[in-house]
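Visitor: Before we start, here is the structure in question, set down as structure tokens.
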Amino acid sequence: MVVEGVNGPDGPPRTAANFATLTPLQFLERTASIFPERVAIIHGQRRQTWAETYSRCRRLCSALQKRGVKRGDIVAGMLSNTPEHLEAHFGVPMSGAVFNALNYRIDVRNIQFMLTHAGAKIILVDTEFTRQVQEAISQMPEGQRPLVVDVDDPLCLEKGPLIGSMNYEELLLEGNPCATWYPPEDEWDAITLCYTSGTTADPKGVLLHHRGAYLNGLNNIVTWGMPRHSVYLWTLPMFHCNGWIFPYSITAIAGTHVCLRKVVADDIFAAVREHKVTHLCGAPIVMSTMLQYKGPRDWSHQVKMMTAASAPPAPILAQMQAFGIEVSHVYGLTEVYGPAVVCEWKEEWNELPLEEQAVLKARQGTRYVAMEYADVMDPETRQPVPRDGTTIGEVVFRGNIVMKGYLKNPEATAKAFNGGVFNSGDLAVMHPDGYLQIKDRSKDIIISGGENIATLEVESILFKHPKIAECAVVARPDEKWGETPCAWIVCKEGESMKEAEIYQWCQENMVRYMVPRTFVFEDLGPVKTSTGKIQKHVLRAKAKQLTNESIKITSADEKKQLSKL
């Protein structure tokens, strides 16, 4: 029986009593009110309770508002995994502003572009990164330069100069620890701005809203089966799509955030022992780093790790299991709030040989609970591909954990949402059981140590070398980094060079993680089509067959690169 007017104008009205905007900011208020004395954040010897964290976030909110920050303004941060970074994820949007966590691995040109494009009013800067930020801001017109606030972390071992008008603690003193804050006027208001990296043009600013952050914060909890008071170790950079939304997830379950500035195996397992860490995330390079650990395995509890990008190979899974660490494989993009697809594990798979488990775990899987639609679609017919595990199509999404759009870029937004779905650009197959598996990337993106690298961008830089006539870059599998760039190079007539020469040049002209680890000097004619197009799938196959890398990063350099993770 249908009751007339139930959903029409004659039905019950929406009021403040029965409707509230969804925002993950209320997770903090709830947790602080129920568990005020529980430890919220651990950073070295520092211990901060939930009551203290809520108070500091309200101070930050209040101080920003007193500084003139209003709804929709951008407050940027170039920060390490520190308490201040966590506080910014709450305090900034509590003020009505949008938090823009910057990737501290990007170069000065990109920093300058992002701050200018976003129109950032204020930037919080860890002293480790003040030199590049100072250089970037000096290249901006004076009227567009943001107010700089130094974050002087005592655990920072590579401090640059203080460049701010004040430090973070001084800013907090301007605020009220009991300040009243309000949820957003609209749950579709932006909560964060995340810039994509590794593209051939300027980075795109992905706008994420309160509703999506709320839902994916809960998604993480449900997907991983996270119990209340879980202890989470920050091995994933918080700037990576807002730490995959885990600042909100861990806060919702009154867990403990254990901060870690550098990914070092001994430090990771020291935290596992001392703080009883239960969960951590990271790219495959983090697992490779962890497996370098040679100390005592004197913890008895199980640890869960979530990894994305390249699927972990069987030997890595076996070693992680020996450490008592259960690995889950997820897939997502910044545009869908980080992880949105998970290889949902089935208990019966535990009886399979490890090699078969690795094959299953290599599949990216099925959509998160609060992702309404995810499929693999034929880009021409716009219909789902057959579930045969072989037909390739493009991964598409639709739902509440899809971005608002790209900041000041309606053309890119319209292209991304063509057909009423978000078109990821990733190519995949769909298996008969409904689990998708990424097979290629339509834009030839290399994922190395969690960083996205566009092959066309690397090629465009290589072409600037005066001796290079042709080049092509593809991904090469790497046990440590997941993938690394492999460059085919053809020198101009009468010119020649050795690997060491081009490697050194790349170090001087590229962002560090983009530098190819392998160089091949040979004619590209045999791999070209009749129209002269280079067949990269042929080069990728050849790259897999290479037995030794042409260039090895030195031990000292590699340690320095790992320290930046």
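We label chains A, B, ... in the order they appear in the structure tokens, count residues from 1 in each chain, and number ligands from 1 in the order shown.
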Can you tell me which residues surround A:Ser249 at a distance of at most 9 Å, considering only C-alpha atoms, apart from same-chain residues fewer than 2 positions away, and format the answer as a PDB file with C-alpha atoms, in the first residue's frame?

Guide:
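part_39.pdb was written with the following content:
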```
ATOM      1  CA  PRO A  24      34.202  13.782   9.651  1.00  0.00           C
ATOM      2  CA  PHE A  27      34.356  12.317  14.828  1.00  0.00           C
ATOM      3  CA  TYR A 214      32.882  11.141   6.216  1.00  0.00           C
ATOM      4  CA  ASN A 216      35.265   6.949   3.208  1.00  0.00           C
ATOM      5  CA  GLY A 217      36.461   7.449   6.767  1.00  0.00           C
ATOM      6  CA  LEU A 218      33.840   4.892   7.790  1.00  0.00           C
ATOM      7  CA  ASN A 219      34.582   2.799   4.703  1.00  0.00           C
ATOM      8  CA  ASN A 220      38.141   2.258   5.918  1.00  0.00           C
ATOM      9  CA  ILE A 221      36.904   1.061   9.303  1.00  0.00           C
ATOM     10  CA  ILE A 245      41.372   9.554   4.844  1.00  0.00           C
ATOM     11  CA  PHE A 246      42.811   7.655   7.834  1.00  0.00           C
ATOM     12  CA  PRO A 247      43.171  10.833   9.946  1.00  0.00           C
ATOM     13  CA  THR A 251      39.802   9.457  15.129  1.00  0.00           C
ATOM     14  CA  ALA A 252      36.315   7.976  14.684  1.00  0.00           C
ATOM     15  CA  ILE A 253      37.295   4.789  16.552  1.00  0.00           C
ATOM     16  CA  ALA A 254      39.188   6.653  19.275  1.00  0.00           C
ATOM     17  CA  GLY A 255      42.393   5.032  18.106  1.00  0.00           C
TER      18      GLY A 255
END
```

Visitor: Near A:Trp224, counting only C-alpha atoms, which residues have an atom at most 12 Å away, once you skip same-chain residues fewer than 2 positions from it, shown as number ranges by chain?

Guide: A: 216-222, 226-227, 230, 246, 249-250, 278-281, 303-307, 326-330, 339, 341-345, 368-369

Visitor: If we count only C-alpha atoms, what is near A:Met371 at a cut-off of 10 Å, once residues fewer than 5 positions away on the same chain are taken out, given as a list in words?

Guide: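 That gives Gly212, Leu215, Asn216, Asn219, Val336, Ala340, Val341, Thr366, Phe397, Arg398, Gly399, Asn400, Ile401 and Val402 of chain A.
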
Visitor: Tell me which protein, DNA and RNA residues are within 8 Å of A:Pro177, counting only C-alpha atoms, leaving out same-chain ones fewer than 4 positions away, and put them as a list in words.

Guide: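 Neighbouring residues, sequence-local ones excluded: Ser55, Arg56, Cys57, Arg58 and Arg59 of chain A.
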
Visitor: Using atom CA of A:Gly324 and atom CA of A:His301 as the two end points, give the distance in Å to one decimal.

Guide: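 For atom CA of A:Gly324 relative to atom CA of A:His301, the distance reads 7.6 Å.
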
Visitor: Using only C-alpha atoms, which protein or nucleic acid residues come within 12 Å of A:Leu173? Drop anything in the same chain fewer than 2 positions from it, and give the result as a list in words.

Guide: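 The residues satisfying every condition are Ser55, Arg56, Cys57, Arg58, Arg59, Leu60, Cys61, Ser62, Ala63, Leu64, Lys66, Met166, Asn167, Tyr168, Glu169, Glu170, Leu171, Gly175, Asn176 and Pro177 of chain A.
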
Visitor: Would you save the residues of that selection, restricted to N, CA and C atoms, as a short mmCIF file (atom, residue, chain, number, x, y, z; two decimals), in the first residue's frame?

Guide:
```cif
data_model
loop_
_atom_site.label_atom_id
_atom_site.label_comp_id
_atom_site.auth_asym_id
_atom_site.auth_seq_id
_atom_site.Cartn_x
_atom_site.Cartn_y
_atom_site.Cartn_z
N SER A 55 41.16 20.55 21.80
CA SER A 55 41.40 21.93 22.22
C SER A 55 42.33 22.64 21.24
N ARG A 56 43.40 21.95 20.82
CA ARG A 56 44.35 22.57 19.90
C ARG A 56 43.72 22.79 18.52
N CYS A 57 42.88 21.87 18.09
CA CYS A 57 42.21 22.05 16.80
C CYS A 57 41.25 23.24 16.85
N ARG A 58 40.58 23.44 17.98
CA ARG A 58 39.69 24.60 18.12
C ARG A 58 40.51 25.89 18.18
N ARG A 59 41.67 25.82 18.79
CA ARG A 59 42.56 27.00 18.77
C ARG A 59 42.94 27.34 17.33
N LEU A 60 43.32 26.32 16.57
CA LEU A 60 43.71 26.55 15.19
C LEU A 60 42.55 27.13 14.39
N CYS A 61 41.39 26.56 14.55
CA CYS A 61 40.18 27.06 13.89
C CYS A 61 39.95 28.53 14.22
N SER A 62 39.99 28.85 15.49
CA SER A 62 39.74 30.21 15.96
C SER A 62 40.81 31.18 15.46
N ALA A 63 42.08 30.76 15.53
CA ALA A 63 43.18 31.62 15.10
C ALA A 63 43.08 31.94 13.60
N LEU A 64 42.73 30.94 12.81
CA LEU A 64 42.60 31.16 11.37
C LEU A 64 41.47 32.15 11.08
N LYS A 66 40.38 34.49 13.05
CA LYS A 66 40.84 35.82 13.45
C LYS A 66 41.78 36.42 12.42
N MET A 166 55.55 33.76 12.00
CA MET A 166 55.38 33.24 13.36
C MET A 166 55.53 31.74 13.28
N ASN A 167 55.59 31.09 14.45
CA ASN A 167 55.59 29.64 14.44
C ASN A 167 54.19 29.12 14.79
N TYR A 168 54.01 27.84 14.64
CA TYR A 168 52.70 27.22 14.79
C TYR A 168 52.13 27.43 16.19
N GLU A 169 52.97 27.28 17.20
CA GLU A 169 52.48 27.43 18.58
C GLU A 169 52.04 28.87 18.84
N GLU A 170 52.74 29.82 18.25
CA GLU A 170 52.32 31.22 18.39
C GLU A 170 50.97 31.46 17.72
N LEU A 171 50.77 30.81 16.59
CA LEU A 171 49.47 30.93 15.92
C LEU A 171 48.37 30.37 16.81
N GLY A 175 44.36 31.71 19.19
CA GLY A 175 43.04 31.11 19.13
C GLY A 175 42.47 30.77 20.49
N ASN A 176 41.21 30.44 20.50
CA ASN A 176 40.47 30.11 21.72
C ASN A 176 40.31 28.60 21.82
N PRO A 177 40.81 27.96 22.90
CA PRO A 177 40.71 26.50 23.03
C PRO A 177 39.27 26.02 23.21
#
```

Visitor: Among stretch 150-229 of chain A, which ones does DSSP assign to helix (DSSP H, G or I) (computed from the backbone)? Answer as an mmCIF file with C-alpha atoms, in the first residue's frame.

Guide:
```
data_model
loop_
_atom_site.group_PDB
_atom_site.id
_atom_site.type_symbol
_atom_site.label_atom_id
_atom_site.label_comp_id
_atom_site.auth_asym_id
_atom_site.auth_seq_id
_atom_site.Cartn_x
_atom_site.Cartn_y
_atom_site.Cartn_z
ATOM 1 C CA TYR A 168 52.699 27.222 14.788
ATOM 2 C CA GLU A 169 52.482 27.430 18.578
ATOM 3 C CA GLU A 170 52.320 31.218 18.393
ATOM 4 C CA LEU A 171 49.469 30.927 15.916
ATOM 5 C CA LEU A 172 47.596 28.605 18.279
ATOM 6 C CA LEU A 173 47.987 31.115 21.120
ATOM 7 C CA HIS A 210 32.870 16.661 3.704
ATOM 8 C CA ARG A 211 30.291 14.030 2.775
ATOM 9 C CA GLY A 212 32.789 11.896 0.889
ATOM 10 C CA ALA A 213 35.452 12.198 3.595
ATOM 11 C CA TYR A 214 32.882 11.141 6.216
ATOM 12 C CA LEU A 215 31.801 8.114 4.188
ATOM 13 C CA ASN A 216 35.265 6.949 3.208
ATOM 14 C CA GLY A 217 36.461 7.449 6.767
ATOM 15 C CA LEU A 218 33.840 4.892 7.790
ATOM 16 C CA ASN A 219 34.582 2.799 4.703
ATOM 17 C CA ASN A 220 38.141 2.258 5.918
ATOM 18 C CA ILE A 221 36.904 1.061 9.303
ATOM 19 C CA VAL A 222 34.351 -1.366 7.886
ATOM 20 C CA THR A 223 36.575 -2.671 5.085
ATOM 21 C CA TRP A 224 39.477 -3.401 7.398
#
```

Visitor: Mind checking which residues fall within 10 Å of A:Leu539, counting only C-alpha atoms, ignoring those fewer than 4 positions away in the same chain, and posting them as a VMD selection string?

Guide: chain A and resid 472 to 476 486 to 488 524 527 534 to 535 543 to 545

Visitor: Could the residues in this selection be written to a file with C-alpha atoms, as a PDB file, in the first residue's frame?

Guide:
```pdb
ATOM      1  CA  ALA A 472      60.760   6.346 -24.931  1.00  0.00           C
ATOM      2  CA  VAL A 473      60.059   5.601 -21.286  1.00  0.00           C
ATOM      3  CA  VAL A 474      58.109   2.660 -19.869  1.00  0.00           C
ATOM      4  CA  ALA A 475      57.669   0.981 -16.504  1.00  0.00           C
ATOM      5  CA  ARG A 476      59.998  -1.780 -15.458  1.00  0.00           C
ATOM      6  CA  CYS A 486      63.168   2.463 -17.943  1.00  0.00           C
ATOM      7  CA  ALA A 487      64.361   4.750 -20.755  1.00  0.00           C
ATOM      8  CA  TRP A 488      65.198   3.816 -24.349  1.00  0.00           C
ATOM      9  CA  LEU A 524      63.631   2.346 -31.819  1.00  0.00           C
ATOM     10  CA  VAL A 527      59.224  -1.135 -32.375  1.00  0.00           C
ATOM     11  CA  ILE A 534      56.365   3.700 -30.749  1.00  0.00           C
ATOM     12  CA  GLN A 535      54.683   0.533 -29.487  1.00  0.00           C
ATOM     13  CA  ALA A 543      61.916  -4.149 -20.056  1.00  0.00           C
ATOM     14  CA  LYS A 544      60.636  -7.145 -18.105  1.00  0.00           C
ATOM     15  CA  GLN A 545      63.296  -9.315 -19.748  1.00  0.00           C
TER      16      GLN A 545
END
```

Visitor: Could you state the separation of atom CA of A:Pro312 and atom CA of A:Glu483 in Å, given to one decimal place?

Guide: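 So the answer is 11.7 Å.
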
Visitor: So that I can see what lies close to A:Phe269, please list as number ranges by chain the residues with an atom at most 10 Å from it, counting only C-alpha atoms and leaving out residues fewer than 2 positions away in the same chain.

Guide: A: 264-267, 271-277, 290, 293, 295-299

Visitor: Distance atom CA of A:Asn81-atom CA of A:His240, one decimal place?

Guide: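 Taking atom CA of A:Asn81 as the start and atom CA of A:His240 as the end point, the length is 10.9 Å.
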
Visitor: Counting only C-alpha atoms, give me one row per residue of stretch 182-268 of chain A with an atom at most 12 Å from an atom of stretch 85-107 of chain A, showing the shortest contact pair and its distance in Å to one decimal, sorted by chain then residue number, as CSV.

Guide:
```
residue,atom,partner,partner_atom,distance
A:Tyr182,CA,A:Met94,CA,6.8
A:Pro183,CA,A:Met94,CA,7.1
A:Pro184,CA,A:Gly96,CA,6.6
A:Glu185,CA,A:Gly96,CA,8.9
A:Asp186,CA,A:Gly96,CA,10.7
A:Glu187,CA,A:Gly96,CA,11.5
A:Asp189,CA,A:Gly96,CA,8.9
A:Ala190,CA,A:Val98,CA,6.2
A:Ile191,CA,A:Val98,CA,5.0
A:Thr192,CA,A:Phe99,CA,4.6
A:Leu193,CA,A:Asn100,CA,4.7
A:Cys194,CA,A:Asn100,CA,6.0
A:Tyr195,CA,A:Leu102,CA,7.5
A:Thr196,CA,A:Asn103,CA,9.5
A:Ser197,CA,A:Ile106,CA,8.3
A:Gly198,CA,A:Ile106,CA,9.6
A:Pro203,CA,A:Ile106,CA,10.9
A:Gly205,CA,A:Asn100,CA,9.3
A:Val206,CA,A:Asn100,CA,9.8
A:Leu207,CA,A:Val98,CA,9.0
A:Leu208,CA,A:Val98,CA,9.3
A:His209,CA,A:Val98,CA,9.4
A:His210,CA,A:Pro93,CA,9.0
A:Ala213,CA,A:His89,CA,11.0
A:Trp234,CA,A:Leu86,CA,10.5
A:Pro237,CA,A:Asn103,CA,8.6
A:Met238,CA,A:His85,CA,7.5
A:Phe239,CA,A:Ala101,CA,5.1
A:His240,CA,A:Asn103,CA,7.4
A:Cys241,CA,A:Ala101,CA,8.2
A:Asn242,CA,A:Ala101,CA,6.9
A:Gly243,CA,A:Ala101,CA,9.6
A:Ile245,CA,A:His89,CA,9.6
A:Phe246,CA,A:Leu86,CA,9.9
A:Pro247,CA,A:Leu86,CA,6.5
A:Tyr248,CA,A:His89,CA,8.3
A:Ser249,CA,A:Leu86,CA,11.9
A:Ile250,CA,A:Leu86,CA,10.8
A:Thr251,CA,A:Leu86,CA,10.0
A:Thr256,CA,A:Leu86,CA,11.6
A:His257,CA,A:Leu86,CA,8.7
A:Val258,CA,A:Leu86,CA,10.7
A:Cys259,CA,A:Leu86,CA,9.3
A:Leu260,CA,A:His85,CA,11.6
A:Arg261,CA,A:His85,CA,11.2
```

Visitor: Would you output that residue set with C-alpha atoms, as a short mmCIF file (atom, residue, chain, number, x, y, z; two decimals), in the first residue's frame?

Guide:
```cif
data_model
loop_
_atom_site.label_atom_id
_atom_site.label_comp_id
_atom_site.auth_asym_id
_atom_site.auth_seq_id
_atom_site.Cartn_x
_atom_site.Cartn_y
_atom_site.Cartn_z
CA TYR A 182 30.08 24.82 13.13
CA PRO A 183 29.64 22.01 10.60
CA PRO A 184 29.74 23.11 6.97
CA GLU A 185 26.70 24.87 5.58
CA ASP A 186 26.58 22.19 2.93
CA GLU A 187 28.07 18.70 3.27
CA ASP A 189 31.48 21.93 0.68
CA ALA A 190 35.13 21.12 0.01
CA ILE A 191 37.06 19.83 3.01
CA THR A 192 40.41 19.30 1.29
CA LEU A 193 42.26 20.09 -1.92
CA CYS A 194 44.71 17.51 -3.26
CA TYR A 195 46.88 18.13 -6.30
CA THR A 196 47.63 15.30 -8.67
CA SER A 197 51.25 14.80 -9.65
CA GLY A 198 53.15 13.21 -12.50
CA PRO A 203 48.81 19.45 -11.77
CA GLY A 205 43.51 20.26 -7.99
CA VAL A 206 41.12 17.58 -6.77
CA LEU A 207 38.37 18.95 -4.52
CA LEU A 208 37.06 16.49 -1.93
CA HIS A 209 33.93 17.23 0.08
CA HIS A 210 32.87 16.66 3.70
CA ALA A 213 35.45 12.20 3.59
CA TRP A 234 51.88 6.68 10.06
CA PRO A 237 52.60 10.17 4.02
CA MET A 238 49.65 12.21 5.25
CA PHE A 239 49.81 14.25 2.05
CA HIS A 240 48.94 11.18 -0.03
CA CYS A 241 45.26 11.90 -0.60
CA ASN A 242 44.98 13.07 3.01
CA GLY A 243 46.57 9.89 4.27
CA ILE A 245 41.37 9.55 4.84
CA PHE A 246 42.81 7.65 7.83
CA PRO A 247 43.17 10.83 9.95
CA TYR A 248 39.37 10.70 10.16
CA SER A 249 39.05 6.90 10.41
CA ILE A 250 41.41 6.51 13.36
CA THR A 251 39.80 9.46 15.13
CA THR A 256 45.94 6.26 18.56
CA HIS A 257 47.92 8.00 15.82
CA VAL A 258 51.61 7.08 16.08
CA CYS A 259 53.57 9.62 14.02
CA LEU A 260 56.69 8.67 12.09
CA ARG A 261 58.73 11.17 10.09
#
```

Visitor: With only C-alpha atoms as the basis for distance, which of A:Leu333, A:Ile461, A:Lys404, A:Ala311 is at the shortest distance from A:Glu508?

Guide: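 Ranking A:Leu333, A:Ile461, A:Lys404, A:Ala311 by distance to A:Glu508, first place goes to A:Ile461.
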